[in-house]
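The next block holds one structure in the form of structure tokens; read it before the comments.
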Amino acid sequence: MKRFIDLADLEPAAVRDLVALAQKLEHSPEPRVLAGRILGLLFMNPSLRTLASFQSGMARLGGSSFVITPGQGTWNLETKLGAVMNADRAEHVREGIPVLASYADALGIRAFAEGIDLQADLNEVGFSAMADLVTKPLINMESAMNHPCQALADWKTMDELHVPAHGRFVLSWVNHPRALPLAVPAATMTMAAQRGMEVVVLRPEGYEIPKQLADKARRLATASGGSFSETSDRSAALKGARVLYAKEWGSTRHYGDAQGDAALRAQLGGWLVDESWFAGADPNAHFMHCLPVRRNVAVADALLDGPRSVVVREAYNRMPAQMAVLHRLLA
Amino acid sequence: MKRFIDLADLEPAAVRDLVALAQKLEHSPEPRVLAGRILGLLFMNPSLRTLASFQSGMARLGGSSFVITPGQGTWNLETKLGAVMNADRAEHVREGIPVLASYADALGIRAFAEGIDLQADLNEVGFSAMADLVTKPLINMESAMNHPCQALADWKTMDELHVPAHGRFVLSWVNHPRALPLAVPAATMTMAAQRGMEVVVLRPEGYEIPKQLADKARRLATASGGSFSETSDRSAALKGARVLYAKEWGSTRHYGDAQGDAALRAQLGGWLVDESWFAGADPNAHFMHCLPVRRNVAVADALLDGPRSVVVREAYNRMPAQMAVLHRLLA
Amino acid sequence: MKRFIDLADLEPAAVRDLVALAQKLEHSPEPRVLAGRILGLLFMNPSLRTLASFQSGMARLGGSSFVITPGQGTWNLETKLGAVMNADRAEHVREGIPVLASYADALGIRAFAEGIDLQADLNEVGFSAMADLVTKPLINMESAMNHPCQALADWKTMDELHVPAHGRFVLSWVNHPRALPLAVPAATMTMAAQRGMEVVVLRPEGYEIPKQLADKARRLATASGGSFSETSDRSAALKGARVLYAKEWGSTRHYGDAQGDAALRAQLGGWLVDESWFAGADPNAHFMHCLPVRRNVAVADALLDGPRSVVVREAYNRMPAQMAVLHRLLA
């Protein structure tokens, strides 16, 4: 493995191997396997879990890491080709990224969606331009429409919880003060599809999954014996569900239009998950969320603090999942 | 030892053992004893000494660390229970802290006083709520009313300077452009009390030590053969002093009232320590301060740069003191 | 070697030894030679290459590092002697720097020019005051008028490219939205002079090299069989050049006068390097720049992305060059 950009680049069997490696590293550490190796971490956007879990995971394998956060001790980076750089961005990614890669044995890059042109973000125009500059092993730490590290951690979490391979997986939109990117919803629904699950996306009108992503999930589901569908009918969606995965995202109808999105979501205060949503679900259904989560806006306190919630376990699994990725890229 | 939250949780003999371990690690390093162990450092407030000394100390024991600073590359964390999170804080400590702890073998947390309700801060409401979320070894890197790492370093410093166990220790209020928390004054006066010293707090009217803290210091002093008293009479306080420990803190009479505090301190420009304060002190009396210090507002240049000052040594001792704590928690 | 402050402190033969050590460490790593050693990095100004290359290089030698960036998770540091510290700077370098040095085995300091008084900056008043506080091994990570790490990396880069020892080296001023310090131009022209090159500084009127720096470069050039001159005639300067090194700097005629500088540079849009500048140069002439660079303001895209450009290689060489410095200081 040379790059970890999209979980769907791997066959399901290869994902299962990665999960198995993560579990192995958890229980039989290899504390010197990456001794002397350096991981560079470039965060164009904020992070808590990703930064801490990569730094800790790399150290647990004997390696080291450095962190560059433009705007925090480093100038902002320009990403546009052909830019006349006479404003506040002092360096272009065309130099910055190859330079950082030259100091590292592997590079992780986080670069959120631009959030202006849906098709450009679906095509990963921004991340791809950066990825093309890197010849070293590369990790996607969240791009416009993907978050493979989160997806891998979630797969591992469901395995540990014995969530059936073909169980119903409901990804539900939940509210948030403002539009967020589609990276996690896209990554998590395709992950569940790859795992062979009965994937149902529950969302209000105006928050439909873009066709390009839905087609991808449907194709992956079919190949693995699962299915993909989309609805705004909550009780139908959740009937028999084994997992309710809540996530916030921006209106795809009003993509890049903050006002249009805000007008729509102002009427969607009811999209705050609580225990009542589980009425028709499997009694042992789990509640998942990638974090960070807005308590009592997206999810009720009692659900997050109750027995269905596995959100901290998902977050913990970022570390062993990424250790497996690092091991595969560098060992 | 599972937690290092308050030096007063330890018997004086146990503190002496920690100081002895710090001295041992200083002179007989154990450069691999914490190999493969990870220290997570969560800074809700700024830091210089604490960050650098923990990162350096952990590395000197063979371990690694990661740093999370909300607001600096990470979103701000909500701390209020039951908050409806529709404002600028994207994640609650109820998820954030267990997640960070899950990546680490020990977690350090810095969370200053809220500075609104004195009783809430005295009760460590904020820090305790965070500490309750951590099952891993935990270190208090400064809470509302405590700073045990500073206190341990200062004890070690006084031992090295042969300050007598029952010598007079004067903690004096000094001026500052604005109200600061009571964490260091509380920690240092209880440390000196535990060490068996004749503790005298010198402060202007309006800056009295809260009864709860004074009672704690008195109880500890009594158990160790020392004493605790409070005065606003400078020459009486300093007579025969072996140590003058200067510190800034906010008015306890006007707690949470910046205007009331400012009006009071505007008249207290004379609380700027210089050599003249040592007129009646022991000729070899030392000047201590935890740093950072406002030169020529709190302390005169000549005193800080002169032979009485041991402020850099105190700061240096943070590192071996914390190495002893890490060793005790993790080795 | 106890300090790495100015490349000119070393004889040319000693620089060649350092370059040789850098090349040796690149091809025969010594991954444990600095095990247990700690490098402290204090950034008073932003960084990308310096931070990442020092952290990576230190780790590749088996050591660790910590980073302190005042204003980013740490309060701002006061530098003025005798300051009455009643404003926004909470700590003085007179405490801060000795304390950080006490946690480290070597300390790197970045402190840009103040940009007010040219003579004070030429005399390195600010950096020297900080350096005087450090008794541990010390590295200049860019001061008012120097950047020896960049200079060493550039020397190594030219050696690898087989640039003749006595070849023509043209340092050319290029435009930028605002005045920048003289650190890199000063360091690079004296480096090329030390290397024995025919150094020509090409710059518009108003951007003359201060006499103190020109004298230094001339003295070093003479000792090494090279030369130093200054001109505003582009075609004369570039005739037969083996290297065109572009760099932005502020008007020395209007030093500390942003308006005067801006008025001058507003007419200098033509100082944007592109391939046409190489018309009379050696056919194999290289294009160098220390980065970060403003594309299409200072340098044209096609030149940066074309075969003459060695800017990423220069940046990469920061790492092995600094590993050699760390090895010399600490091994």
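Going through the structure tokens in order, the chains are called A, B, and so on, while each chain numbers its residues from 1 and the ligands are numbered from 1 in the order shown.
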Could you build a table of the residues in chain B lying no more than 6 Å from chain C, giving for each the nearest pair of atoms and their separation in Å rounded to one decimal place, using only C-alpha atoms, ordered by chain and ascending residue number, as CSV?
```
residue,atom,partner,partner_atom,distance
B:Pro46,CA,C:Gly73,CA,4.8
B:Ser47,CA,C:Thr74,CA,5.1
B:Leu48,CA,C:Thr74,CA,5.6
B:Arg60,CA,C:Gly36,CA,5.5
B:Pro177,CA,C:Asn86,CA,5.7
B:Pro292,CA,C:Glu91,CA,5.0
B:Val293,CA,C:Glu91,CA,5.8
B:Arg294,CA,C:Met85,CA,5.1
B:Arg295,CA,C:Met85,CA,5.5
B:Asn296,CA,C:Val84,CA,4.9
B:Val312,CA,C:Val99,CA,5.8
B:Tyr316,CA,C:Ser102,CA,5.8
```
Keeping only C-alpha atoms, write the selected residues to a file as a PDB file, in the first residue's frame.
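See selection.pdb below for the written result:
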```pdb
ATOM      1  CA  PRO B  46      -1.567  29.147  27.773  1.00  0.00           C
ATOM      2  CA  SER B  47       1.673  27.641  28.958  1.00  0.00           C
ATOM      3  CA  LEU B  48       5.423  27.948  28.509  1.00  0.00           C
ATOM      4  CA  ARG B  60      14.141  12.169  28.954  1.00  0.00           C
ATOM      5  CA  PRO B 177      -2.246  44.708  35.473  1.00  0.00           C
ATOM      6  CA  PRO B 292       5.838  34.413  34.354  1.00  0.00           C
ATOM      7  CA  VAL B 293       6.488  37.686  36.132  1.00  0.00           C
ATOM      8  CA  ARG B 294       5.793  41.285  35.146  1.00  0.00           C
ATOM      9  CA  ARG B 295       9.105  43.065  35.607  1.00  0.00           C
ATOM     10  CA  ASN B 296       8.870  46.468  37.273  1.00  0.00           C
ATOM     11  CA  VAL B 312      15.047  30.146  37.007  1.00  0.00           C
ATOM     12  CA  TYR B 316      14.106  24.261  35.952  1.00  0.00           C
TER      13      TYR B 316
END
```
### Message
Give me the residues near range 124-140 of chain A as a PyMOL selection string, where near means some atom within 7 Å (using only C-alpha atoms) and where sequence neighbours in that chain fewer than 3 positions away do not count.
### Response
chain A and resi 2-5+93-94+97-98+101+105-111+120-121+143-145+147-148+329
### Nearby residues (only C-alpha atoms) at most 8 Å from Arg308 in chain B, same-chain spacing under 3 positions excluded, as JSON, numbers by chain
{"B": [284, 285, 286, 287, 303, 304]}
I need the residues from that last selection saved to file as an mmCIF file, in the first residue's frame (with C-alpha atoms), if you can.
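Written out: part.cif:
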```
data_model
loop_
_atom_site.group_PDB
_atom_site.id
_atom_site.type_symbol
_atom_site.label_atom_id
_atom_site.label_comp_id
_atom_site.auth_asym_id
_atom_site.auth_seq_id
_atom_site.Cartn_x
_atom_site.Cartn_y
_atom_site.Cartn_z
ATOM 1 C CA ASN B 284 20.517 34.843 53.046
ATOM 2 C CA ALA B 285 16.811 35.042 52.301
ATOM 3 C CA HIS B 286 15.817 33.845 48.841
ATOM 4 C CA PHE B 287 13.409 35.448 46.433
ATOM 5 C CA LEU B 303 15.897 41.841 42.484
ATOM 6 C CA LEU B 304 15.105 39.393 39.667
#
```
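The residue set within 12 Å of Ser276 in chain A, counting only C-alpha atoms and dropping same-chain residues fewer than 2 places from it, reads Arg234, Ser235, Leu238, Gly270, Trp271, Leu272, Val273, Asp274, Phe278, Ala279, Gly280, Ala281, Val299, Ala300, Ala302 and Leu303 of chain A.
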#### Entry: Backbone-only DSSP, strand (DSSP E or B) members of range 167-291 of chain B, as a list in words
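Matching residues, listed in order: Arg168, Phe169, Val170, Leu171, Ser172, Trp173, Glu198, Val199, Val200, Val201, Leu202, Ser227, Phe228, Ser229, Glu230, Thr231, Val243, Leu244, Tyr245, Ala246, Lys247, Val273, His286, Phe287 and Met288 of chain B.
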Write out the residues from the selection above, keeping C-alpha atoms, as a PDB file, in the first residue's frame.
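This went into out37.pdb:
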```pdb
ATOM      1  CA  ARG B 168       9.815  31.516  57.835  1.00  0.00           C
ATOM      2  CA  PHE B 169       8.152  31.431  54.406  1.00  0.00           C
ATOM      3  CA  VAL B 170       6.469  34.667  53.351  1.00  0.00           C
ATOM      4  CA  LEU B 171       4.027  34.530  50.476  1.00  0.00           C
ATOM      5  CA  SER B 172       3.480  38.117  49.407  1.00  0.00           C
ATOM      6  CA  TRP B 173       0.875  39.543  47.089  1.00  0.00           C
ATOM      7  CA  GLU B 198       6.312  29.229  59.499  1.00  0.00           C
ATOM      8  CA  VAL B 199       4.002  30.431  56.710  1.00  0.00           C
ATOM      9  CA  VAL B 200       3.018  34.099  56.632  1.00  0.00           C
ATOM     10  CA  VAL B 201       0.791  35.488  53.923  1.00  0.00           C
ATOM     11  CA  LEU B 202       1.396  39.187  53.347  1.00  0.00           C
ATOM     12  CA  SER B 227       2.265  27.569  61.458  1.00  0.00           C
ATOM     13  CA  PHE B 228       0.074  29.711  59.250  1.00  0.00           C
ATOM     14  CA  SER B 229      -0.834  33.375  59.612  1.00  0.00           C
ATOM     15  CA  GLU B 230      -1.896  36.298  57.475  1.00  0.00           C
ATOM     16  CA  THR B 231      -1.103  39.994  57.713  1.00  0.00           C
ATOM     17  CA  VAL B 243      11.993  32.975  51.692  1.00  0.00           C
ATOM     18  CA  LEU B 244       9.949  35.736  50.109  1.00  0.00           C
ATOM     19  CA  TYR B 245       7.672  34.148  47.529  1.00  0.00           C
ATOM     20  CA  ALA B 246       5.929  36.816  45.439  1.00  0.00           C
ATOM     21  CA  LYS B 247       2.705  36.122  43.608  1.00  0.00           C
ATOM     22  CA  VAL B 273       8.952  43.877  45.489  1.00  0.00           C
ATOM     23  CA  HIS B 286      15.817  33.845  48.841  1.00  0.00           C
ATOM     24  CA  PHE B 287      13.409  35.448  46.433  1.00  0.00           C
ATOM     25  CA  MET B 288      10.993  33.039  44.724  1.00  0.00           C
TER      26      MET B 288
END
```
#### Entry: Which of range 14-194 of chain A fall in alpha helix (DSSP H), as a PyMOL selection string
chain A and resi 14-27+49-60+93-103+118-122+125-131+148-160+183-194
### Query
Excluding same-chain residues fewer than 6 positions from Gly196 in chain C, what lies within 7 Å of it counting only C-alpha atoms, as a PyMOL selection string?
chain C and resi 165-166+221+224-226
Written selection (N, CA and C atoms) as a CSV table (one decimal), in the first residue's frame:
```csv
chain,number,residue,atom,x,y,z
C,165,ALA,N,33.2,26.5,-7.7
C,165,ALA,CA,33.5,27.3,-6.5
C,165,ALA,C,33.6,28.7,-6.8
C,166,HIS,N,34.2,29.1,-8.0
C,166,HIS,CA,34.4,30.5,-8.4
C,166,HIS,C,33.3,31.0,-9.4
C,221,ALA,N,35.0,37.1,0.5
C,221,ALA,CA,35.2,36.8,-0.9
C,221,ALA,C,36.7,36.8,-1.2
C,224,SER,N,38.7,34.0,0.0
C,224,SER,CA,38.4,32.7,-0.7
C,224,SER,C,38.7,32.7,-2.2
C,225,GLY,N,39.2,33.9,-2.7
C,225,GLY,CA,39.5,34.0,-4.1
C,225,GLY,C,38.2,34.4,-4.9
C,226,GLY,N,37.2,34.9,-4.3
C,226,GLY,CA,36.0,35.4,-5.0
C,226,GLY,C,36.0,36.9,-5.0
```
#### Entry: Distance in Å - CA of Ala241 in chain B versus CA of Pro164 in chain B
10.8 Å
Write out as a CSV table (one decimal) with N, CA and C atoms, in the first residue's frame each polymer residue whose atoms come within 10 Å of Leu161 in chain C, counting only C-alpha atoms; drop sequence neighbours fewer than 4 positions from it.
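Result went into part.csv, see below:
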```
chain,number,residue,atom,x,y,z
C,155,TRP,N,24.7,26.1,0.4
C,155,TRP,CA,26.1,25.7,0.0
C,155,TRP,C,26.1,24.2,-0.4
C,156,LYS,N,25.5,23.4,0.5
C,156,LYS,CA,25.4,21.9,0.2
C,156,LYS,C,24.6,21.7,-1.2
C,157,THR,N,23.6,22.5,-1.4
C,157,THR,CA,22.9,22.3,-2.7
C,157,THR,C,23.7,22.7,-3.9
C,286,HIS,N,21.2,27.8,-12.5
C,286,HIS,CA,20.1,27.3,-11.6
C,286,HIS,C,19.4,28.5,-11.0
C,310,VAL,N,15.6,24.9,-8.2
C,310,VAL,CA,16.1,23.9,-7.3
C,310,VAL,C,15.6,24.3,-5.9
```
### Task
Could you check how far CA of Ala153 in chain A sits from CA of Ala193 in chain A, in Å to one decimal?
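Interatomic distance here is 15.0 Å.
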